[in-house]
There are 2 protein chains.
Amino acid sequence: MGIIERKKRQKQALRERILDAARRIVVHEGFAALSMRKIAEAIEYSPATLYLHFASRDEIARALCAEGYAQLLATFVPLVGIADPAERLKALGRAYVAFGVAHPQTYRLIFMEDPSYTGAALGGAAGVSDAGQAGALTDQDAASAATDSVVDTTASATAAISADPAANFATVAPAEDPGAAAMHIMLAALEELRAAGRLPASMDATVWAEALWATLHGIVALNLTCPVFPTAPLDTLVGVALDAWLGVPEATPQQANRRTAPPRNVASAAGARKKKSAADRAAQASQLESPDEPENHPPTRPPHARSAEALPKKPLSAGAKRRSTTT
Amino acid sequence: MGIIERKKRQKQALRERILDAARRIVVHEGFAALSMRKIAEAIEYSPATLYLHFASRDEIARALCAEGYAQLLATFVPLVGIADPAERLKALGRAYVAFGVAHPQTYRLIFMEDPSYTGAALGGAAGVSDAGQAGALTDQDAASAATDSVVDTTASATAAISADPAANFATVAPAEDPGAAAMHIMLAALEELRAAGRLPASMDATVWAEALWATLHGIVALNLTCPVFPTAPLDTLVGVALDAWLGVPEATPQQANRRTAPPRNVASAAGARKKKSAADRAAQASQLESPDEPENHPPTRPPHARSAEALPKKPLSAGAKRRSTTT
DNA sequence: GTCTATACGGGGATAGAC
DNA sequence: GTCTATCCCCGTATAGAC
């Protein structure tokens with residue numbers, strides 16, 4: 001059966017070449033610029049060939065979503081070991097926002113584009129058959145070298161959750177659903193806080209987890225889409241939000257079990273506000289974290305100019321690219 | 001000069017017919033389904049004619065954005081009169097989320113699609129020359145009847161802000177920038193709360209306003225895009241979030257000036273959680289508010305089936321409509 | 001001045017030839 | 001398995017009809 005195996009491997013390889021090319025286009029030019037023809041040209045195949053590996057452009061997008069979500073989850077792995085649940089949650093929140101700012105195109109694709117895409121990212125491996133073996137979203141030309149790192153980290157993330165002693169009481173996260181895994185990380189931390197009396201006993205952990213996530217998503221989404229708000233630095237916003245939900249870190253210990261929410265003396269650095277520019281956004285990203293690949297800047301650029309291309313200059317509403325002779 | 005006047009009026013009328021048709025398509029089929037050819041067919045003109053009134057499809061989109069944002073602002077008008085600033089903010093928050101759920105396509109277009117669109121909605125009349133005279137987004141066939149209601153309510157909204165006695169100390173909202181107007185509404189309420197000692201004196205009102213807005217936007221955006229989260233009812237989420245930011249309403253008055261944040265016994269109705277369905281989303285919308293036009297359902301349907309079409313079945317990635325013979 | 005007919009380039013997807 | 005040719009959709013530029 002060696003011949004069949006080889007054929008299977010070759011098919012696999014082409015499938016991943018397709019995804020690599022697609023990923024590169026999305027990261028550099030935005031999802032709107034992703035076209036079957038462009039992918040085909042990149043891998044030097046006919047457009048029709050793509051349909052032997054993916055049923056549609058949507059399916060390619062969903063495969064990219066699953067990869068991107070795994071990449072996001074991998075970001076959380078080193079943070080689940082933080083002992084203090086509030087600090088853990090805050091670190092996770094900062095990492096989440098940092099990911100969104102560092103990988104705007106991927107974040108948009110996963111969480112802001114289409115419900116079916118978001119579902120593919122969250123709905124477990126069932127939705128996307130290829131979610132497991134996909135390459136990382138690091139978007140470098142050497143994509144083949146890092147091929148299976150993402151699935152590994154995803155698996156270890158789930159393992160880390162149940163391995164963490166503090167998270168024992170959390171229900172076991174189903175390994176096949178990364179969305180549930182991430183949710184369980186939050187739930188565990190929230191319930192630890194409640195058990196320690198640092199959140200009200202009446203709190204519904206699920207509601208709080210979803211609301212907290214929505215808050216972080218709102219910060220990222222607004223930043224990616226709205227040119228004028230927020231004017232405040234991103235980390236300031238994240239800090240205020242996390243403190244609002246979890247209380248400021250140095251809560252006076254003697255009244256901790258009632259969560260009396262001490263005066264929120266957080267982030268009154270109003271002087272930092274200013275009109276946003278692309279450079280500001282990039283600066284905010286590096287304040288929070290400095291991840292691997294700053295998404296979508298053209299191949300080579302002076303470092304300070306990177307941020308100018310970090311956000312899509314134009315959504316490229318199909319068919320308005322080459323023909324601009326007059327305008 | 002009567003003839004010139006008449007010509008100008010005719011041009012205006014055609015312009016609004018274009019916008020009406022475009023609005024109808026967006027509301028019913030989603031922004032992705034909006035095409036120049038489809039608009040032209042709807043108004044029974046040649047596609048080229050549209051370009052005599054709008055420079056591009058993007059410009060039509062931006063005009064629709066300005067309208068939609070004005071419609072959203074109009075929703076706030078009756079609420080700025082609420083005396084208690086916390087209650088006012090909560091009412092505004094609920095109205096905001098209710099708008100997003102009731103008009104998903106409009107909300108997506110304004111806040112989730114493209115930075116230039118969002119900028120057109122927020123950036124004041126400067127960005128979009130036609131923002132003033134646009135029709136309401138009520139999406140009924142009788143769009144001509146309600147033509148100038150939106151601009152009126154927008155103007156009165158700005159007026160109401162400065163007219164409200166409690167908001168006197170807020171800097172005067174520049175009338176030409178609806179984004180700034182909305183922001184000033186929030187700022188005024190937050191500063192009232194701080195002046196009353198119900199928020200910490202160190203609070204940066206601008207940061208809080210932006211963070212609060214981001215929270216609400218996150219709730220709406222997640223609901224519109226993510227098929228599995230949030231599982232909690234929307235109004236529960238909004239309640240928890242508003243309480244987290246503003247404290248629960250019945251804060252014990254004797255310690256009010258320190259904002260000691262009494263136990264948050266809010267919304268522990270965990271029993272209400274369930275997997276989301278389109279019907280649930282619609283139910284959540286009506287829980288919060290019952291606005292005029294439930295967006296994007298096909299012309300006539302039994303009422304309970306409306307919600308099934310309330311969210312776009314498919315983003316209609318251009319050119320995948322007619323040709324589906326196999327799939 | 002208004003408007004249409006026509007054309008170009010690009011897009012998703014498919015049928016059928018090799 | 002792969003490609004060529006094709007279909008229909010799209011945004012939009014332009015020439016020329018009225």
# chains A, B, ... in the order shown; residues from 1 in each chain; ligands from 1
$ residues_around --residues "Arg62 in chain A" --least-positions-apart "4" --cutoff "9 Å" --atoms "only C-alpha atoms (C1' of nucleotides)" --output "JSON, numbers by chain"
{"A": [57, 58, 66, 67, 109, 110, 116, 117, 118, 119, 120, 121, 127, 128, 131]}
$ select_by_dssp --residues "range 25-73 of chain A" --states "alpha helix (DSSP H)" --output "ChimeraX atom specification"
/A:25-29,36-43,47-50,57-73
$ interface_residues --of "chain D" --to "chain B" --cutoff "12 Å" --atoms "only C-alpha atoms (C1' of nucleotides)" --output "PyMOL selection string"
chain D and resi 7-14
$ write_last_selection --atoms "C-alpha atoms (C1' of nucleotides)" --output "CSV table (one decimal), in the first residue's frame"
chain,number,residue,atom,x,y,z
D,7,DC,C1',-20.8,30.8,-17.3
D,8,DC,C1',-22.5,34.3,-14.7
D,9,DC,C1',-21.6,37.9,-11.3
D,10,DC,C1',-19.2,42.1,-9.9
D,11,DG,C1',-17.4,47.4,-10.0
D,12,DT,C1',-16.6,50.8,-12.9
D,13,DA,C1',-14.7,53.5,-17.1
D,14,DT,C1',-16.0,55.6,-21.4
$ atom_distance --atom1 "CA of Ala232 in chain A" --atom2 "CA of Leu212 in chain B"
12.4 Å
$ interface_residues --of "chain C" --to "chain A" --cutoff "9 Å" --atoms "only C-alpha atoms (C1' of nucleotides)" --output "CSV table (one decimal) with C-alpha atoms (C1' of nucleotides), in the first residue's frame"
chain,number,residue,atom,x,y,z
C,8,DC,C1',-12.6,45.5,-19.3
C,9,DG,C1',-10.7,43.1,-15.7
C,10,DG,C1',-11.5,40.3,-11.9
C,11,DG,C1',-14.2,36.9,-9.2
C,12,DG,C1',-16.4,31.9,-7.7
C,13,DA,C1',-17.5,27.8,-9.5
C,14,DT,C1',-18.2,24.0,-13.0
$ closest_residue --among "B:Ala241, B:Pro233, B:Ala63, B:Leu122" --to "Trp213 in chain A" --atoms "only C-alpha atoms"
B:Ala241
$ atom_distance --atom1 "CA of Thr236 in chain B" --atom2 "CA of Glu87 in chain B"
16.0 Å
$ closest_residue --among "A:Ile4, A:Ala188, A:Leu50, A:Ala32" --to "chain B" --atoms "only C-alpha atoms"
A:Ala32
$ residues_around --residues "Gly100 in chain A" --least-positions-apart "3" --cutoff "9 Å" --atoms "only C-alpha atoms (C1' of nucleotides)" --output "list in words"
Leu72, Ala95, Tyr96, Val97, His103, Pro104, Gln105, Thr106, Tyr107, Arg108, His217, Val220, Ala221, Leu224 and Ala285 of chain A
$ write_last_selection --atoms "all heavy atoms" --output "CSV table (one decimal), in the first residue's frame"
chain,number,residue,atom,x,y,z
A,72,LEU,N,-4.3,31.4,18.7
A,72,LEU,CA,-4.7,32.2,19.8
A,72,LEU,C,-4.6,31.4,21.1
A,72,LEU,O,-4.1,31.8,22.1
A,72,LEU,CB,-6.1,32.7,19.6
A,72,LEU,CG,-6.8,33.5,20.7
A,72,LEU,CD1,-5.9,34.6,21.2
A,72,LEU,CD2,-8.2,33.9,20.3
A,95,ALA,N,-3.2,39.1,27.0
A,95,ALA,CA,-2.8,38.3,25.8
A,95,ALA,C,-3.8,38.3,24.7
A,95,ALA,O,-3.4,38.3,23.5
A,95,ALA,CB,-2.4,36.9,26.3
A,96,TYR,N,-5.0,38.2,25.1
A,96,TYR,CA,-6.1,38.1,24.1
A,96,TYR,C,-6.1,39.4,23.2
A,96,TYR,O,-6.1,39.4,22.0
A,96,TYR,CB,-7.4,38.0,24.8
A,96,TYR,CG,-8.6,37.9,23.8
A,96,TYR,CD1,-9.0,36.7,23.3
A,96,TYR,CD2,-9.3,39.0,23.5
A,96,TYR,CE1,-10.1,36.6,22.5
A,96,TYR,CE2,-10.4,38.9,22.6
A,96,TYR,CZ,-10.8,37.7,22.1
A,96,TYR,OH,-11.9,37.6,21.3
A,97,VAL,N,-6.1,40.5,23.9
A,97,VAL,CA,-6.1,41.8,23.2
A,97,VAL,C,-4.8,42.0,22.4
A,97,VAL,O,-4.8,42.4,21.2
A,97,VAL,CB,-6.3,43.0,24.2
A,97,VAL,CG1,-6.1,44.3,23.5
A,97,VAL,CG2,-7.6,42.9,24.9
A,103,HIS,N,-2.4,40.5,15.3
A,103,HIS,CA,-2.8,39.8,14.1
A,103,HIS,C,-4.2,40.2,13.7
A,103,HIS,O,-5.2,39.5,13.7
A,103,HIS,CB,-2.8,38.3,14.4
A,103,HIS,CG,-1.6,37.8,15.0
A,103,HIS,ND1,-0.5,37.5,14.2
A,103,HIS,CD2,-1.2,37.5,16.2
A,103,HIS,CE1,0.5,37.1,14.9
A,103,HIS,NE2,0.1,37.0,16.2
A,104,PRO,N,-4.3,41.5,13.2
A,104,PRO,CA,-5.6,42.0,13.0
A,104,PRO,C,-6.4,41.2,11.9
A,104,PRO,O,-7.6,41.0,12.1
A,104,PRO,CB,-5.3,43.4,12.5
A,104,PRO,CG,-3.9,43.4,12.1
A,104,PRO,CD,-3.2,42.4,12.9
A,105,GLN,N,-5.7,40.8,10.9
A,105,GLN,CA,-6.5,40.1,9.8
A,105,GLN,C,-7.0,38.8,10.3
A,105,GLN,O,-8.1,38.4,10.0
A,105,GLN,CB,-5.6,40.0,8.6
A,105,GLN,CG,-4.9,41.2,8.0
A,105,GLN,CD,-5.9,42.2,7.4
A,105,GLN,OE1,-7.1,42.0,7.5
A,105,GLN,NE2,-5.4,43.3,6.8
A,106,THR,N,-6.1,38.1,11.0
A,106,THR,CA,-6.5,36.8,11.5
A,106,THR,C,-7.7,37.0,12.5
A,106,THR,O,-8.7,36.2,12.5
A,106,THR,CB,-5.3,36.1,12.2
A,106,THR,OG1,-4.3,35.9,11.3
A,106,THR,CG2,-5.8,34.8,12.8
A,107,TYR,N,-7.5,38.0,13.4
A,107,TYR,CA,-8.6,38.2,14.3
A,107,TYR,C,-9.9,38.6,13.7
A,107,TYR,O,-11.0,38.0,14.0
A,107,TYR,CB,-8.2,39.3,15.3
A,107,TYR,CG,-9.2,39.4,16.5
A,107,TYR,CD1,-8.9,38.7,17.6
A,107,TYR,CD2,-10.3,40.2,16.4
A,107,TYR,CE1,-9.8,38.8,18.7
A,107,TYR,CE2,-11.2,40.3,17.5
A,107,TYR,CZ,-10.9,39.6,18.6
A,107,TYR,OH,-11.8,39.6,19.7
A,108,ARG,N,-9.8,39.4,12.7
A,108,ARG,CA,-11.1,39.8,11.9
A,108,ARG,C,-11.7,38.5,11.3
A,108,ARG,O,-12.9,38.3,11.4
A,108,ARG,CB,-10.7,40.7,10.8
A,108,ARG,CG,-10.6,42.2,11.2
A,108,ARG,CD,-10.6,43.1,10.0
A,108,ARG,NE,-12.0,43.5,9.6
A,108,ARG,CZ,-12.5,44.6,9.9
A,108,ARG,NH1,-11.8,45.5,10.5
A,108,ARG,NH2,-13.7,44.9,9.6
A,217,HIS,N,-13.4,41.4,23.6
A,217,HIS,CA,-13.6,41.4,22.2
A,217,HIS,C,-14.1,42.8,21.7
A,217,HIS,O,-13.6,43.3,20.6
A,217,HIS,CB,-14.7,40.4,21.8
A,217,HIS,CG,-15.2,40.5,20.4
A,217,HIS,ND1,-14.4,40.3,19.3
A,217,HIS,CD2,-16.4,40.9,19.9
A,217,HIS,CE1,-15.1,40.4,18.2
A,217,HIS,NE2,-16.3,40.8,18.5
A,220,VAL,N,-11.0,45.0,21.3
A,220,VAL,CA,-10.2,44.6,20.1
A,220,VAL,C,-11.0,45.1,18.8
A,220,VAL,O,-10.4,45.7,17.9
A,220,VAL,CB,-9.9,43.1,20.0
A,220,VAL,CG1,-9.2,42.8,18.7
A,220,VAL,CG2,-9.1,42.8,21.2
A,221,ALA,N,-12.2,44.7,18.8
A,221,ALA,CA,-13.0,44.9,17.6
A,221,ALA,C,-13.1,46.4,17.3
A,221,ALA,O,-13.0,46.8,16.1
A,221,ALA,CB,-14.4,44.3,17.7
A,224,LEU,N,-10.0,47.7,15.8
A,224,LEU,CA,-9.7,47.3,14.5
A,224,LEU,C,-10.6,48.0,13.4
A,224,LEU,O,-10.2,48.0,12.3
A,224,LEU,CB,-9.8,45.7,14.3
A,224,LEU,CG,-8.9,44.9,15.1
A,224,LEU,CD1,-9.0,43.4,14.7
A,224,LEU,CD2,-7.4,45.3,14.8
A,285,ALA,N,0.2,47.7,20.6
A,285,ALA,CA,0.5,46.3,20.5
A,285,ALA,C,1.7,45.9,21.2
A,285,ALA,O,1.8,45.0,22.0
A,285,ALA,CB,0.5,45.9,19.0
$ closest_residue --among "B:Ser46, B:Thr215, B:Gln12, B:Thr75" --to "chain A" --atoms "only C-alpha atoms"
B:Thr215
$ closest_residue --among "B:Ala91, B:Ile185, B:Ala33, B:Leu19" --to "chain A" --atoms "only C-alpha atoms"
B:Ala33
$ closest_residue --among "B:Asp84, B:His53, B:Leu34, B:Glu176" --to "chain A" --atoms "only C-alpha atoms"
B:Leu34
$ closest_residue --among "A:Glu41, A:Ile219, A:Leu193, A:Gly93" --to "Ala21 in chain A" --atoms "only C-alpha atoms"
A:Glu41
$ decode --residues "chain C" --atoms "C-alpha atoms (C1' of nucleotides)" --output "PDB file, in the first residue's frame"
ATOM      1  C1'  DG C   1     -26.907  67.424 -18.765  1.00  0.00           C
ATOM      2  C1'  DT C   2     -28.873  62.628 -18.393  1.00  0.00           C
ATOM      3  C1'  DC C   3     -28.618  58.493 -19.474  1.00  0.00           C
ATOM      4  C1'  DT C   4     -27.536  53.989 -21.814  1.00  0.00           C
ATOM      5  C1'  DA C   5     -24.735  50.509 -24.184  1.00  0.00           C
ATOM      6  C1'  DT C   6     -20.723  48.455 -24.122  1.00  0.00           C
ATOM      7  C1'  DA C   7     -16.417  46.950 -22.530  1.00  0.00           C
ATOM      8  C1'  DC C   8     -12.556  45.548 -19.341  1.00  0.00           C
ATOM      9  C1'  DG C   9     -10.707  43.082 -15.746  1.00  0.00           C
ATOM     10  C1'  DG C  10     -11.521  40.260 -11.897  1.00  0.00           C
ATOM     11  C1'  DG C  11     -14.180  36.901  -9.192  1.00  0.00           C
ATOM     12  C1'  DG C  12     -16.446  31.896  -7.743  1.00  0.00           C
ATOM     13  C1'  DA C  13     -17.546  27.802  -9.547  1.00  0.00           C
ATOM     14  C1'  DT C  14     -18.240  24.021 -13.045  1.00  0.00           C
ATOM     15  C1'  DA C  15     -17.986  20.844 -17.294  1.00  0.00           C
ATOM     16  C1'  DG C  16     -15.381  18.302 -19.856  1.00  0.00           C
ATOM     17  C1'  DA C  17     -11.064  17.359 -22.289  1.00  0.00           C
ATOM     18  C1'  DC C  18      -6.405  15.368 -21.478  1.00  0.00           C
TER      19       DC C  18
END
